[in-house]
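To start, the structure under review is shown below, and the notes come after it.
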Amino acid sequence: MKTYQVITAASTFPVSLTEAKSHLKVDTSADDTYITSIIKAATQLSEEYTNRFFIDTVIEQTCSSFADLQTLFKSKVSAVASVKYYDSDNSSQTLDSAIYDVQLNYEPAQIQLADNQNFPSITKRNDAVVARYTVGYGSAASDVPEIIKQAILLTIGNFYANRQSVITGRIATELPQNSKWLLDTYKVQIVG
C-alpha cells in the first residue's frame with residue numbers, strides 16, 4: 001500500500017491572472033476572482049491528468065515497504081530530501097542515503113537499493129516507510145513547458161465560456177480534448 005500527501009504546495013501557478021485574462025480577451029477586473037479560481041481548477045485537473053506537479057511541490061509518499069519506493073508518485077522529481085522508516089522495534093529512523101540510489105532520470109522516478117546494500121528490517125504497518133521529495137519543473141511559472149501552459153489556458157477558456165455543468169448541443173468533459181492532446185506529451189503512467 002502506498003499514498004502521498006502534499007507537505008508544501010506551490011506558491012504560484014503556471015498561468016498568471018494577467019496571462020489568463022489576455023487569453024480570454026477580458027480587460028476588466030469584474031471576473032478576476034472567478035478567473036483566479038478557474039486557473040487553480042485548470043491547473044489541478046492538468047496536474048492530475050499528467051501525474052505531475054508543475055511548480056515545485058514537496059510531497060511525502062507513505063508506503064508499507066521499501067519495494068513501494070521503486071515508483072515515486074508524481075513527476076518531475078528534482079530531489080529526495082529523506083527516507084524514513086519504522087524499524088523492527090517500531091522506532092522512527094532515517095535511512096542512510098548511502099543505502100539507496102535515486103533515479104531522477106526516470107519518469108516516474110525511482111528509489112533503488114544501492115550496490116552491496118540491504119534495506120533494514122521494518123515493522124509491519126501501512127506507513128512503515130516515508131519518502132519526502134520535491135516534484136516540479138522549478139519554482140517559477142517560467143520553468144513550466146509552454147505546451148503545458150497552453151493546455152491550461154485552453155481549459156481556462158473552456159471553463160470561462162461554459163460555466164454550466166450541462167451544455168445543450170455539446171459534450172461536456174473535465175478537460176477539453178485539445179488540452180488532453182497537448183498534455184498527453186507530458187503524461188506519466190504510474191503503475192502500482
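Residues are named by chain letter and number: chains run A, B, ... in the order of the C-alpha cells, numbers start at 1 in each chain, and ligands are numbered from 1 in the order shown.
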
Within 9 Å of region 3-16 of chain A, counting only C-alpha atoms, which residues qualify if same-chain residues fewer than 5 places away don't, as a PyMOL selection string?
-> chain A and resi 21+36+39-40+43+53-63+73+132+136+139-144+148-150+152-153

Which of chain A end up as strand (DSSP E) when DSSP is run on this backbone - answer as a short mmCIF file (atom, residue, chain, number, x, y, z; two decimals) with N, CA and C atoms, in the first residue's frame?
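out.cif written:
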data_model
loop_
_atom_site.label_atom_id
_atom_site.label_comp_id
_atom_site.auth_asym_id
_atom_site.auth_seq_id
_atom_site.Cartn_x
_atom_site.Cartn_y
_atom_site.Cartn_z
N LYS A 2 0.49 2.23 -0.81
CA LYS A 2 1.21 3.50 -0.79
C LYS A 2 0.27 4.64 -1.11
N THR A 3 0.61 5.80 -0.57
CA THR A 3 -0.17 7.01 -0.78
C THR A 3 0.76 8.20 -0.66
N TYR A 4 0.25 9.39 -0.96
CA TYR A 4 1.08 10.57 -0.79
C TYR A 4 0.25 11.72 -0.25
N GLN A 5 0.95 12.70 0.32
CA GLN A 5 0.29 13.94 0.74
C GLN A 5 1.22 15.11 0.43
N VAL A 6 0.61 16.25 0.15
CA VAL A 6 1.37 17.46 -0.12
C VAL A 6 1.82 18.06 1.21
N ILE A 7 3.11 18.32 1.34
CA ILE A 7 3.68 18.94 2.54
C ILE A 7 3.80 20.45 2.33
N THR A 8 4.36 20.85 1.21
CA THR A 8 4.49 22.27 0.88
C THR A 8 3.99 22.46 -0.54
N THR A 57 6.77 21.41 -5.61
CA THR A 57 5.88 21.00 -4.53
C THR A 57 6.58 19.90 -3.74
N VAL A 58 6.54 19.99 -2.43
CA VAL A 58 7.15 18.96 -1.59
C VAL A 58 6.05 17.99 -1.17
N ILE A 59 6.29 16.71 -1.42
CA ILE A 59 5.31 15.69 -1.04
C ILE A 59 5.99 14.60 -0.23
N GLU A 60 5.17 13.86 0.51
CA GLU A 60 5.63 12.67 1.22
C GLU A 60 4.85 11.48 0.70
N GLN A 61 5.59 10.48 0.30
CA GLN A 61 4.99 9.22 -0.14
C GLN A 61 5.12 8.23 1.00
N THR A 62 4.00 7.70 1.44
CA THR A 62 3.96 6.75 2.54
C THR A 62 3.71 5.36 1.99
N CYS A 63 4.53 4.40 2.43
CA CYS A 63 4.47 3.04 1.90
C CYS A 63 4.51 2.02 3.04
N VAL A 77 10.57 14.58 -10.45
CA VAL A 77 11.25 14.64 -9.16
C VAL A 77 12.60 15.33 -9.34
N SER A 78 12.83 16.36 -8.54
CA SER A 78 14.10 17.09 -8.62
C SER A 78 15.04 16.73 -7.48
N ALA A 79 14.51 16.29 -6.35
CA ALA A 79 15.36 15.95 -5.21
C ALA A 79 14.59 15.10 -4.20
N VAL A 80 15.30 14.16 -3.58
CA VAL A 80 14.75 13.39 -2.48
C VAL A 80 15.41 13.91 -1.21
N ALA A 81 14.61 14.45 -0.30
CA ALA A 81 15.14 15.04 0.94
C ALA A 81 15.47 13.97 1.97
N SER A 82 14.58 12.97 2.11
CA SER A 82 14.83 11.94 3.12
C SER A 82 13.95 10.73 2.87
N VAL A 83 14.41 9.61 3.44
CA VAL A 83 13.61 8.39 3.51
C VAL A 83 13.65 7.97 4.97
N LYS A 84 12.48 7.91 5.57
CA LYS A 84 12.38 7.50 6.98
C LYS A 84 11.61 6.18 7.03
N TYR A 85 11.83 5.46 8.10
CA TYR A 85 11.16 4.16 8.25
C TYR A 85 11.00 3.83 9.73
N TYR A 86 10.10 2.90 10.00
CA TYR A 86 9.92 2.39 11.36
C TYR A 86 10.64 1.04 11.43
N SER A 92 11.04 5.29 14.83
CA SER A 92 11.30 6.03 13.60
C SER A 92 12.80 6.24 13.40
N GLN A 93 13.26 5.95 12.18
CA GLN A 93 14.67 6.09 11.81
C GLN A 93 14.77 6.79 10.46
N THR A 94 15.92 7.42 10.20
CA THR A 94 16.19 7.99 8.88
C THR A 94 17.16 7.06 8.17
N TYR A 100 20.72 3.75 -0.61
CA TYR A 100 19.86 3.77 -1.79
C TYR A 100 20.37 4.74 -2.86
N ASP A 101 19.94 4.48 -4.09
CA ASP A 101 20.21 5.35 -5.23
C ASP A 101 18.88 5.92 -5.69
N VAL A 102 18.91 7.18 -6.11
CA VAL A 102 17.71 7.82 -6.64
C VAL A 102 17.88 7.96 -8.15
N GLN A 103 16.92 7.45 -8.87
CA GLN A 103 16.94 7.52 -10.33
C GLN A 103 16.02 8.66 -10.78
N GLN A 110 12.60 6.74 -9.35
CA GLN A 110 12.66 5.54 -8.52
C GLN A 110 13.71 5.69 -7.44
N ILE A 111 13.48 5.00 -6.33
CA ILE A 111 14.49 4.84 -5.29
C ILE A 111 14.82 3.35 -5.27
N GLN A 112 16.10 3.04 -5.52
CA GLN A 112 16.53 1.65 -5.60
C GLN A 112 17.65 1.39 -4.59
N LEU A 113 17.79 0.16 -4.25
CA LEU A 113 18.85 -0.26 -3.35
C LEU A 113 20.19 -0.07 -4.03
N VAL A 129 7.35 3.17 5.74
CA VAL A 129 8.38 3.90 5.01
C VAL A 129 7.78 5.20 4.49
N VAL A 130 8.51 6.32 4.69
CA VAL A 130 8.04 7.63 4.23
C VAL A 130 9.18 8.33 3.50
N ALA A 131 8.97 8.62 2.22
CA ALA A 131 9.96 9.36 1.42
C ALA A 131 9.44 10.78 1.21
N ARG A 132 10.30 11.76 1.48
CA ARG A 132 9.95 13.17 1.24
C ARG A 132 10.78 13.64 0.06
N TYR A 133 10.08 14.21 -0.95
CA TYR A 133 10.79 14.66 -2.14
C TYR A 133 10.08 15.85 -2.79
N THR A 134 10.82 16.51 -3.67
CA THR A 134 10.31 17.69 -4.37
C THR A 134 10.03 17.32 -5.82
N VAL A 135 8.85 17.71 -6.28
CA VAL A 135 8.47 17.49 -7.67
C VAL A 135 8.10 18.82 -8.31
#

Might you pull out every residue within 8 Å of Leu45 (chain A), with only C-alpha atoms counted and same-chain residues fewer than 3 positions away left off, and present them as a VMD selection string?
-> chain A and resid 41 to 42 48 to 49 174 to 175

So which bits of region 27-183 of chain A end up alpha helix (DSSP H) when you DSSP the backbone, as number ranges by chain?
-> A: 32-50, 146-161, 177-183

Find the spatial neighbours of Gln189 (chain A), counting only C-alpha atoms, within a cut-off of 10 Å - ignore same-chain residues fewer than 2 positions away - and output them as a PyMOL selection string.
-> chain A and resi 49-51+73-74+107-108+186-187+191-192

Write a file of the just-selected residues containing all heavy atoms, as a JSON list (two decimals), in the first residue's frame.
[["chain", "number", "residue", "atom", "x", "y", "z"],
["A", 49, "TYR", "N", -4.20, 14.85, -14.44],
["A", 49, "TYR", "CA", -4.22, 14.12, -15.71],
["A", 49, "TYR", "C", -2.81, 13.64, -16.10],
["A", 49, "TYR", "O", -2.65, 12.54, -16.60],
["A", 49, "TYR", "CB", -4.81, 15.01, -16.81],
["A", 49, "TYR", "CG", -4.93, 14.31, -18.14],
["A", 49, "TYR", "CD1", -5.97, 13.42, -18.39],
["A", 49, "TYR", "CD2", -4.01, 14.54, -19.16],
["A", 49, "TYR", "CE1", -6.08, 12.77, -19.61],
["A", 49, "TYR", "CE2", -4.11, 13.90, -20.38],
["A", 49, "TYR", "CZ", -5.15, 13.02, -20.60],
["A", 49, "TYR", "OH", -5.26, 12.37, -21.80],
["A", 50, "THR", "N", -1.81, 14.46, -15.84],
["A", 50, "THR", "CA", -0.44, 14.12, -16.24],
["A", 50, "THR", "C", 0.36, 13.39, -15.16],
["A", 50, "THR", "O", 1.48, 12.95, -15.42],
["A", 50, "THR", "CB", 0.34, 15.39, -16.63],
["A", 50, "THR", "OG1", 0.37, 16.29, -15.51],
["A", 50, "THR", "CG2", -0.25, 16.06, -17.84],
["A", 51, "ASN", "N", -0.19, 13.29, -13.95],
["A", 51, "ASN", "CA", 0.53, 12.71, -12.81],
["A", 51, "ASN", "C", 1.79, 13.52, -12.49],
["A", 51, "ASN", "O", 2.86, 12.97, -12.26],
["A", 51, "ASN", "CB", 0.88, 11.23, -13.03],
["A", 51, "ASN", "CG", -0.33, 10.37, -13.04],
["A", 51, "ASN", "OD1", -1.18, 10.48, -12.16],
["A", 51, "ASN", "ND2", -0.45, 9.52, -14.04],
["A", 73, "PHE", "N", 5.41, 8.58, -6.71],
["A", 73, "PHE", "CA", 4.25, 9.28, -7.24],
["A", 73, "PHE", "C", 4.67, 10.65, -7.76],
["A", 73, "PHE", "O", 5.55, 11.29, -7.18],
["A", 73, "PHE", "CB", 3.20, 9.51, -6.15],
["A", 73, "PHE", "CG", 2.39, 8.30, -5.80],
["A", 73, "PHE", "CD1", 2.30, 7.87, -4.50],
["A", 73, "PHE", "CD2", 1.72, 7.58, -6.77],
["A", 73, "PHE", "CE1", 1.53, 6.77, -4.15],
["A", 73, "PHE", "CE2", 0.96, 6.48, -6.44],
["A", 73, "PHE", "CZ", 0.87, 6.07, -5.13],
["A", 74, "LYS", "N", 4.02, 11.08, -8.77],
["A", 74, "LYS", "CA", 4.19, 12.41, -9.36],
["A", 74, "LYS", "C", 5.58, 12.59, -9.96],
["A", 74, "LYS", "O", 6.54, 11.93, -9.59],
["A", 74, "LYS", "CB", 3.88, 13.52, -8.35],
["A", 74, "LYS", "CG", 2.49, 13.44, -7.76],
["A", 74, "LYS", "CD", 1.43, 13.62, -8.81],
["A", 74, "LYS", "CE", 0.03, 13.53, -8.23],
["A", 74, "LYS", "NZ", -1.00, 13.66, -9.25],
["A", 107, "GLU", "N", 10.99, 8.57, -15.44],
["A", 107, "GLU", "CA", 9.67, 9.11, -15.11],
["A", 107, "GLU", "C", 8.68, 7.96, -15.18],
["A", 107, "GLU", "O", 8.44, 7.45, -16.27],
["A", 107, "GLU", "CB", 9.29, 10.24, -16.06],
["A", 107, "GLU", "CG", 10.06, 11.50, -15.76],
["A", 107, "GLU", "CD", 9.45, 12.74, -16.39],
["A", 107, "GLU", "OE1", 8.51, 12.63, -17.20],
["A", 107, "GLU", "OE2", 9.92, 13.81, -16.06],
["A", 108, "PRO", "N", 8.16, 7.53, -14.06],
["A", 108, "PRO", "CA", 8.34, 8.10, -12.73],
["A", 108, "PRO", "C", 9.72, 7.77, -12.16],
["A", 108, "PRO", "O", 10.32, 6.75, -12.49],
["A", 108, "PRO", "CB", 7.24, 7.45, -11.90],
["A", 108, "PRO", "CG", 6.93, 6.17, -12.61],
["A", 108, "PRO", "CD", 7.21, 6.40, -14.06],
["A", 186, "TYR", "N", 3.14, 14.94, -21.97],
["A", 186, "TYR", "CA", 3.80, 15.02, -20.66],
["A", 186, "TYR", "C", 3.20, 14.04, -19.64],
["A", 186, "TYR", "O", 3.60, 14.04, -18.49],
["A", 186, "TYR", "CB", 3.72, 16.44, -20.11],
["A", 186, "TYR", "CG", 4.64, 17.38, -20.85],
["A", 186, "TYR", "CD1", 4.20, 18.11, -21.95],
["A", 186, "TYR", "CD2", 5.96, 17.51, -20.46],
["A", 186, "TYR", "CE1", 5.06, 18.94, -22.63],
["A", 186, "TYR", "CE2", 6.84, 18.34, -21.15],
["A", 186, "TYR", "CZ", 6.37, 19.05, -22.23],
["A", 186, "TYR", "OH", 7.23, 19.87, -22.92],
["A", 187, "LYS", "N", 2.27, 13.23, -20.06],
["A", 187, "LYS", "CA", 1.60, 12.32, -19.13],
["A", 187, "LYS", "C", 2.54, 11.19, -18.71],
["A", 187, "LYS", "O", 3.20, 10.58, -19.53],
["A", 187, "LYS", "CB", 0.34, 11.73, -19.79],
["A", 187, "LYS", "CG", -0.53, 10.97, -18.84],
["A", 187, "LYS", "CD", -1.86, 10.63, -19.48],
["A", 187, "LYS", "CE", -2.77, 9.98, -18.47],
["A", 187, "LYS", "NZ", -4.09, 9.74, -19.02],
["A", 191, "VAL", "N", 2.24, 2.98, -12.30],
["A", 191, "VAL", "CA", 1.75, 1.62, -12.14],
["A", 191, "VAL", "C", 1.97, 1.21, -10.71],
["A", 191, "VAL", "O", 3.03, 1.44, -10.14],
["A", 191, "VAL", "CB", 2.49, 0.65, -13.10],
["A", 191, "VAL", "CG1", 1.98, -0.76, -12.93],
["A", 191, "VAL", "CG2", 2.35, 1.12, -14.54],
["A", 192, "GLY", "N", 0.96, 0.57, -10.14],
["A", 192, "GLY", "CA", 1.12, 0.03, -8.80],
["A", 192, "GLY", "C", 0.69, 0.89, -7.74],
["A", 192, "GLY", "O", 0.49, 1.77, -7.26]]

For Val26 (chain A), work out the shell of residues within 12 Å, counting only C-alpha atoms and skipping chain neighbours fewer than 5 positions away, then give it as an mmCIF file with C-alpha atoms, in the first residue's frame.
data_model
loop_
_atom_site.group_PDB
_atom_site.id
_atom_site.type_symbol
_atom_site.label_atom_id
_atom_site.label_comp_id
_atom_site.auth_asym_id
_atom_site.auth_seq_id
_atom_site.Cartn_x
_atom_site.Cartn_y
_atom_site.Cartn_z
ATOM 1 C CA LEU A 17 -4.154 36.091 -13.910
ATOM 2 C CA THR A 18 -2.762 38.545 -16.490
ATOM 3 C CA GLU A 19 -1.993 35.713 -18.947
ATOM 4 C CA ALA A 20 -5.429 34.155 -18.443
ATOM 5 C CA LYS A 21 -7.226 37.469 -18.951
ATOM 6 C CA ASP A 31 -14.312 38.459 -13.097
ATOM 7 C CA ASP A 32 -10.835 38.377 -11.510
ATOM 8 C CA ILE A 35 -10.801 33.621 -13.337
ATOM 9 C CA GLY A 157 -11.085 29.253 -21.845
ATOM 10 C CA TYR A 160 -14.902 30.523 -18.679
ATOM 11 C CA ALA A 161 -17.100 30.102 -21.765
#

Counting only C-alpha atoms, the residue among A:Ala114, A:Ile156, A:Ala98, A:Met1 that lies closest to Ala128 (chain A) is A:Met1

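Using only C-alpha atoms, the nearest neighbour of Lys180 (chain A) within the list A:Asn105, A:Ser29, A:Ser65, A:Ser46 is A:Ser46.
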
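Of the listed residues A:Leu69, A:Ile99, A:Leu183, A:Val188, the one whose atoms come nearest to Thr155 (chain A) is A:Leu183, with distances taken using only C-alpha atoms.
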
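For the pair CA of Ser91 (chain A) and CA of Ala109 (chain A), the separation is 27.4 Å.
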
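Compared by their closest atoms to Asn126 (chain A), and using only C-alpha atoms, the residues A:Leu182, A:Ser64, A:Phe159, A:Gly138 rank with A:Ser64 nearest.
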
Quick one: of A:Ala151, A:Leu24, A:Asn90, A:Asn178, who's nearest to Gln44 (chain A), counting only C-alpha atoms?
-> A:Ala151
